[in-house]
Amino acid sequence: MNKYIYLPLLLLLSLFLTACDQKSDSDKTQVTKQEINIGMTPSMHNILMEKIVKPKLEAIGYKVNLVNFSSLRDSDTALAEGSIDLNAAQHQAYLDTYMRETGNDDLVSLVHIPSISAALFSMKYSSVNDIKKGQTIAIPNDPSNAARALIMLQKLNWITLKNDINLGAASIHDIAENKYNLQFRVVLSELIPRMLDEVDFAIMPGGIAWMSKVDAKHAIYYEQLSPNLEILVAIKKQNLTAPWAEDIKKLYQSDEMKQFITEDPDAKGRFIWPQG
């Protein structure tokens with residue numbers, strides 16, 4: 001008689017334990033986070049990813065892989081092809097240029113992040129008033145940063161650009177008046193720090209100067225940063241509303257990020273909080 005009583009009880013207990021095991025497996029699945037692949041190019045903005053975003057993402061359960069690229073263009077290509085999920089080293093003007101040149105319209109901005117403005121540097125002079133006819137100036141050769149440099153020079157009244165051009169795509173061929181007959185050396189941004197002794201002036205992105213350990217005392221004029229020149233997180237359109245993308249966006253807009261750029265010894269005084 002007893003065996004007929006215990007058998008149903010044993011069956012119920014077995015079903016209960018099985019359900020508990022299944023619930024445990026379900027819970028494990030729920031806390032398993034998505035693996036995120038992030039493109040990293042040579043940039044001082046990487047400090048934001050390495051010291052704030054990556055550790056915070058890992059703390060909430062994501063696996064984060066940092067994938068190195070030698071150039072931003074290669075990183076954008078990898079993003080477009082889907083081998084990485086995002087990068088955070090370009091501004092909208094650069095992204096627009098990339099998409100125009102490649103015919104790709106699938107990459108968009110997720111969020112603007114703290115940025116470093118470009119500046120006019122000189123190892124020989126301490127003021128913009130030291131400009132003289134025939135002096136040499138180095139500027140970046142990529143379209144977006146070349147345009148930034150030329151806009152800075154126009155604001156300084158050293159050159160005048162043509163009226164009927166797209167300022168965001170300006171090149172040295174769009175100079176209507178070269179007031180001081182400046183001699184331009186148009187080169188890779190990464191090469192400009194090595195050329196400072198060879199030229200009278202140079203314009204380069206602030207991140208390049210910082211990464212190359214160019215002392216800030218040699219910066220004699222800073223760019224007025226507009227939203228389209230703020231660094232952004234680039235992502236594919238289809239991922240804009242993904243939970244992991246929202247988590248990244250929140251981290252870049254967080255109080256921890258604000259505190260980091262104002263207090264961290266390596267970042268303090270370098271970054272500008274985004275307007276866009």
# chains A, B, ... in the order shown; residues from 1 in each chain; ligands from 1

$ residues_around --residues "Thr97 of chain A" --least-positions-apart "5" --cutoff "10 Å" --atoms "only C-alpha atoms" --output "PyMOL selection string"
chain A and resi 92+102-103+142-144+168-169

$ write_last_selection --atoms "N, CA, C and O atoms" --output "PDB file, in the first residue's frame"
ATOM      1  N   GLN A  92      30.954  63.460 -37.525  1.00  0.00           N
ATOM      2  CA  GLN A  92      29.951  63.299 -38.567  1.00  0.00           C
ATOM      3  C   GLN A  92      30.488  63.692 -39.945  1.00  0.00           C
ATOM      4  O   GLN A  92      30.157  63.070 -40.954  1.00  0.00           O
ATOM      5  N   THR A 102      32.041  55.760 -50.515  1.00  0.00           N
ATOM      6  CA  THR A 102      31.839  54.314 -50.641  1.00  0.00           C
ATOM      7  C   THR A 102      30.432  53.943 -51.098  1.00  0.00           C
ATOM      8  O   THR A 102      30.180  52.787 -51.447  1.00  0.00           O
ATOM      9  N   GLY A 103      29.515  54.930 -51.070  1.00  0.00           N
ATOM     10  CA  GLY A 103      28.137  54.638 -51.430  1.00  0.00           C
ATOM     11  C   GLY A 103      27.378  53.888 -50.353  1.00  0.00           C
ATOM     12  O   GLY A 103      26.288  53.371 -50.593  1.00  0.00           O
ATOM     13  N   ASP A 142      43.272  64.140 -45.055  1.00  0.00           N
ATOM     14  CA  ASP A 142      41.954  63.544 -45.226  1.00  0.00           C
ATOM     15  C   ASP A 142      40.928  64.663 -45.381  1.00  0.00           C
ATOM     16  O   ASP A 142      41.060  65.733 -44.776  1.00  0.00           O
ATOM     17  N   PRO A 143      39.919  64.477 -46.213  1.00  0.00           N
ATOM     18  CA  PRO A 143      39.019  65.574 -46.591  1.00  0.00           C
ATOM     19  C   PRO A 143      38.378  66.324 -45.435  1.00  0.00           C
ATOM     20  O   PRO A 143      38.331  67.554 -45.440  1.00  0.00           O
ATOM     21  N   SER A 144      37.863  65.612 -44.439  1.00  0.00           N
ATOM     22  CA  SER A 144      37.139  66.298 -43.369  1.00  0.00           C
ATOM     23  C   SER A 144      38.065  67.138 -42.502  1.00  0.00           C
ATOM     24  O   SER A 144      37.750  68.281 -42.156  1.00  0.00           O
ATOM     25  N   GLY A 168      32.266  71.985 -45.415  1.00  0.00           N
ATOM     26  CA  GLY A 168      32.654  70.699 -44.833  1.00  0.00           C
ATOM     27  C   GLY A 168      33.508  69.844 -45.739  1.00  0.00           C
ATOM     28  O   GLY A 168      34.080  68.848 -45.293  1.00  0.00           O
ATOM     29  N   ALA A 169      33.606  70.230 -47.013  1.00  0.00           N
ATOM     30  CA  ALA A 169      34.414  69.474 -47.972  1.00  0.00           C
ATOM     31  C   ALA A 169      35.468  70.361 -48.630  1.00  0.00           C
ATOM     32  O   ALA A 169      36.001  70.030 -49.694  1.00  0.00           O
TER      33      ALA A 169
END

$ residues_around --residues "Ile220 of chain A" --least-positions-apart "3" --cutoff "9 Å" --atoms "only C-alpha atoms" --output "list in words"
Ala119, Leu120, Phe121, Ser122, Tyr125, Ser126, Ser127, Val128, Ala216 and Lys217 of chain A

$ select_by_dssp --residues "segment 1-247 of chain A" --states "strand (DSSP E or B)" --output "CSV table (one decimal) with C-alpha atoms, in the first residue's frame"
chain,number,residue,atom,x,y,z
A,35,GLU,CA,29.4,39.9,-27.0
A,36,ILE,CA,30.3,43.3,-28.4
A,37,ASN,CA,33.2,43.9,-30.9
A,38,ILE,CA,34.5,47.4,-30.9
A,39,GLY,CA,36.8,48.9,-33.5
A,40,MET,CA,39.8,50.7,-32.1
A,63,LYS,CA,31.9,40.3,-23.2
A,64,VAL,CA,33.8,43.2,-24.9
A,65,ASN,CA,36.4,42.6,-27.6
A,66,LEU,CA,38.6,45.5,-28.7
A,67,VAL,CA,39.7,45.0,-32.3
A,68,ASN,CA,42.6,47.2,-33.5
A,86,LEU,CA,30.8,50.0,-33.4
A,87,ASN,CA,33.7,52.4,-33.3
A,88,ALA,CA,34.1,55.7,-31.5
A,89,ALA,CA,36.8,57.8,-33.2
A,90,GLN,CA,35.2,59.9,-35.9
A,91,HIS,CA,33.0,62.9,-36.3
A,107,LEU,CA,26.3,53.8,-40.7
A,108,VAL,CA,24.8,56.3,-38.3
A,109,SER,CA,25.6,58.1,-35.1
A,110,LEU,CA,24.5,56.5,-31.9
A,111,VAL,CA,25.6,59.3,-29.6
A,112,HIS,CA,28.1,62.2,-29.5
A,115,SER,CA,35.8,65.3,-28.0
A,119,ALA,CA,44.5,73.4,-32.8
A,120,LEU,CA,47.1,75.4,-34.6
A,121,PHE,CA,50.6,74.5,-33.3
A,136,THR,CA,54.8,77.1,-44.4
A,137,ILE,CA,51.9,75.3,-42.8
A,138,ALA,CA,51.1,71.6,-42.5
A,139,ILE,CA,47.5,70.5,-42.6
A,140,PRO,CA,45.8,67.0,-42.6
A,159,ILE,CA,43.0,82.8,-46.2
A,160,THR,CA,39.5,83.4,-47.8
A,161,LEU,CA,37.6,80.4,-49.2
A,175,ILE,CA,41.1,79.0,-51.5
A,176,ALA,CA,40.0,82.2,-53.2
A,177,GLU,CA,42.6,84.4,-51.5
A,178,ASN,CA,45.9,83.3,-49.8
A,183,GLN,CA,52.9,77.2,-48.5
A,184,PHE,CA,50.8,74.2,-47.7
A,185,ARG,CA,52.1,70.7,-46.8
A,186,VAL,CA,49.1,68.4,-46.9
A,187,VAL,CA,50.0,65.1,-45.2
A,201,PHE,CA,52.7,76.3,-38.3
A,202,ALA,CA,50.7,73.1,-38.3
A,203,ILE,CA,47.0,72.3,-37.7
A,204,MET,CA,46.2,68.8,-36.4
A,219,ALA,CA,49.0,75.2,-29.3
A,220,ILE,CA,48.5,78.9,-30.1
A,221,TYR,CA,44.9,78.8,-31.5
A,222,TYR,CA,42.0,76.3,-30.8
A,231,ILE,CA,33.4,62.5,-32.0
A,232,LEU,CA,30.6,60.0,-32.2
A,233,VAL,CA,29.8,56.4,-31.8
A,234,ALA,CA,29.2,55.0,-35.2
A,235,ILE,CA,26.9,52.0,-35.5
A,236,LYS,CA,24.7,50.2,-38.1

$ closest_residue --among "A:Asp200, A:Glu230, A:Glu263, A:Glu256" --to "His45 of chain A" --atoms "only C-alpha atoms"
A:Glu230

$ select_by_dssp --residues "segment 9-219 of chain A" --states "alpha helix (DSSP H)" --output "ChimeraX atom specification"
/A:9-31,46-48,54-59,72-81,92-102,143-155,192-195,206-211

$ write_last_selection --atoms "C-alpha atoms" --output "mmCIF file, in the first residue's frame"
data_model
loop_
_atom_site.group_PDB
_atom_site.id
_atom_site.type_symbol
_atom_site.label_atom_id
_atom_site.label_comp_id
_atom_site.auth_asym_id
_atom_site.auth_seq_id
_atom_site.Cartn_x
_atom_site.Cartn_y
_atom_site.Cartn_z
ATOM 1 C CA LEU A 9 5.148 11.663 -4.379
ATOM 2 C CA LEU A 10 8.461 10.659 -5.911
ATOM 3 C CA LEU A 11 7.165 11.546 -9.372
ATOM 4 C CA LEU A 12 6.023 14.975 -8.158
ATOM 5 C CA LEU A 13 9.390 15.578 -6.467
ATOM 6 C CA SER A 14 11.200 14.588 -9.659
ATOM 7 C CA LEU A 15 9.084 16.970 -11.726
ATOM 8 C CA PHE A 16 9.704 19.759 -9.207
ATOM 9 C CA LEU A 17 13.480 19.272 -9.274
ATOM 10 C CA THR A 18 13.471 19.143 -13.072
ATOM 11 C CA ALA A 19 11.495 22.374 -13.185
ATOM 12 C CA CYS A 20 13.967 23.996 -10.801
ATOM 13 C CA ASP A 21 16.872 22.909 -12.980
ATOM 14 C CA GLN A 22 15.131 24.284 -16.060
ATOM 15 C CA LYS A 23 14.397 27.562 -14.276
ATOM 16 C CA SER A 24 18.040 27.756 -13.236
ATOM 17 C CA ASP A 25 19.119 27.256 -16.853
ATOM 18 C CA SER A 26 16.624 29.895 -17.955
ATOM 19 C CA ASP A 27 17.991 32.376 -15.432
ATOM 20 C CA LYS A 28 21.506 31.728 -16.676
ATOM 21 C CA THR A 29 20.373 32.469 -20.232
ATOM 22 C CA GLN A 30 18.766 35.727 -19.138
ATOM 23 C CA VAL A 31 21.955 37.051 -17.534
ATOM 24 C CA ASN A 46 40.270 55.384 -26.740
ATOM 25 C CA ILE A 47 40.909 56.324 -23.123
ATOM 26 C CA LEU A 48 37.152 56.813 -22.677
ATOM 27 C CA LYS A 54 34.559 48.699 -21.405
ATOM 28 C CA PRO A 55 34.887 48.093 -17.631
ATOM 29 C CA LYS A 56 31.297 49.217 -17.029
ATOM 30 C CA LEU A 57 29.961 46.995 -19.820
ATOM 31 C CA GLU A 58 31.869 44.019 -18.460
ATOM 32 C CA ALA A 59 30.586 44.750 -14.969
ATOM 33 C CA LEU A 72 39.617 54.748 -39.286
ATOM 34 C CA ARG A 73 38.603 53.927 -42.853
ATOM 35 C CA ASP A 74 39.445 50.251 -42.289
ATOM 36 C CA SER A 75 37.418 50.334 -39.088
ATOM 37 C CA ASP A 76 34.428 51.827 -40.915
ATOM 38 C CA THR A 77 34.684 49.157 -43.592
ATOM 39 C CA ALA A 78 34.695 46.446 -40.920
ATOM 40 C CA LEU A 79 31.666 48.090 -39.297
ATOM 41 C CA ALA A 80 29.800 48.212 -42.598
ATOM 42 C CA GLU A 81 30.634 44.548 -43.238
ATOM 43 C CA GLN A 92 29.951 63.299 -38.567
ATOM 44 C CA ALA A 93 31.891 65.154 -41.264
ATOM 45 C CA TYR A 94 34.306 62.216 -41.605
ATOM 46 C CA LEU A 95 31.477 59.663 -41.566
ATOM 47 C CA ASP A 96 29.602 61.612 -44.253
ATOM 48 C CA THR A 97 32.725 61.668 -46.409
ATOM 49 C CA TYR A 98 33.237 57.924 -45.969
ATOM 50 C CA MET A 99 29.647 57.143 -46.906
ATOM 51 C CA ARG A 100 29.726 59.492 -49.890
ATOM 52 C CA GLU A 101 32.930 57.931 -51.209
ATOM 53 C CA THR A 102 31.839 54.314 -50.641
ATOM 54 C CA PRO A 143 39.019 65.574 -46.591
ATOM 55 C CA SER A 144 37.139 66.298 -43.369
ATOM 56 C CA ASN A 145 40.157 67.349 -41.296
ATOM 57 C CA ALA A 146 41.593 69.339 -44.205
ATOM 58 C CA ALA A 147 38.317 71.270 -44.337
ATOM 59 C CA ARG A 148 38.480 71.873 -40.577
ATOM 60 C CA ALA A 149 41.990 73.277 -40.949
ATOM 61 C CA LEU A 150 40.989 75.603 -43.783
ATOM 62 C CA ILE A 151 37.976 76.876 -41.849
ATOM 63 C CA MET A 152 40.291 77.679 -38.932
ATOM 64 C CA LEU A 153 42.630 79.577 -41.246
ATOM 65 C CA GLN A 154 39.704 81.553 -42.656
ATOM 66 C CA LYS A 155 38.603 82.495 -39.141
ATOM 67 C CA ILE A 192 52.299 66.186 -38.578
ATOM 68 C CA PRO A 193 53.818 65.912 -35.068
ATOM 69 C CA ARG A 194 57.124 64.781 -36.632
ATOM 70 C CA MET A 195 57.116 67.782 -38.975
ATOM 71 C CA GLY A 206 43.937 67.461 -30.674
ATOM 72 C CA GLY A 207 43.926 63.709 -30.179
ATOM 73 C CA ILE A 208 46.869 63.285 -32.552
ATOM 74 C CA ALA A 209 48.814 65.973 -30.697
ATOM 75 C CA TRP A 210 48.056 64.397 -27.333
ATOM 76 C CA MET A 211 48.925 60.883 -28.482
#

$ residues_around --residues "Gly134 of chain A" --least-positions-apart "6" --cutoff "9 Å" --atoms "only C-alpha atoms" --output "PyMOL selection string"
chain A and resi 180-183

$ write_last_selection --atoms "N, CA, C and O atoms" --output "compact mmCIF listing (two decimals), in the first residue's frame"
# COMPACT_ATOMS: atom_id res chain seq x y z
N TYR A 180 48.64 85.55 -47.11
CA TYR A 180 50.06 85.54 -46.74
C TYR A 180 50.88 84.61 -47.64
O TYR A 180 52.02 84.28 -47.30
N ASN A 181 50.30 84.20 -48.76
CA ASN A 181 50.99 83.29 -49.68
C ASN A 181 51.56 82.08 -48.92
O ASN A 181 52.72 81.70 -49.09
N LEU A 182 50.72 81.50 -48.07
CA LEU A 182 51.13 80.34 -47.28
C LEU A 182 51.47 79.16 -48.18
O LEU A 182 50.80 78.91 -49.18
N GLN A 183 52.52 78.44 -47.82
CA GLN A 183 52.93 77.25 -48.54
C GLN A 183 52.40 76.03 -47.78
O GLN A 183 52.78 75.81 -46.62
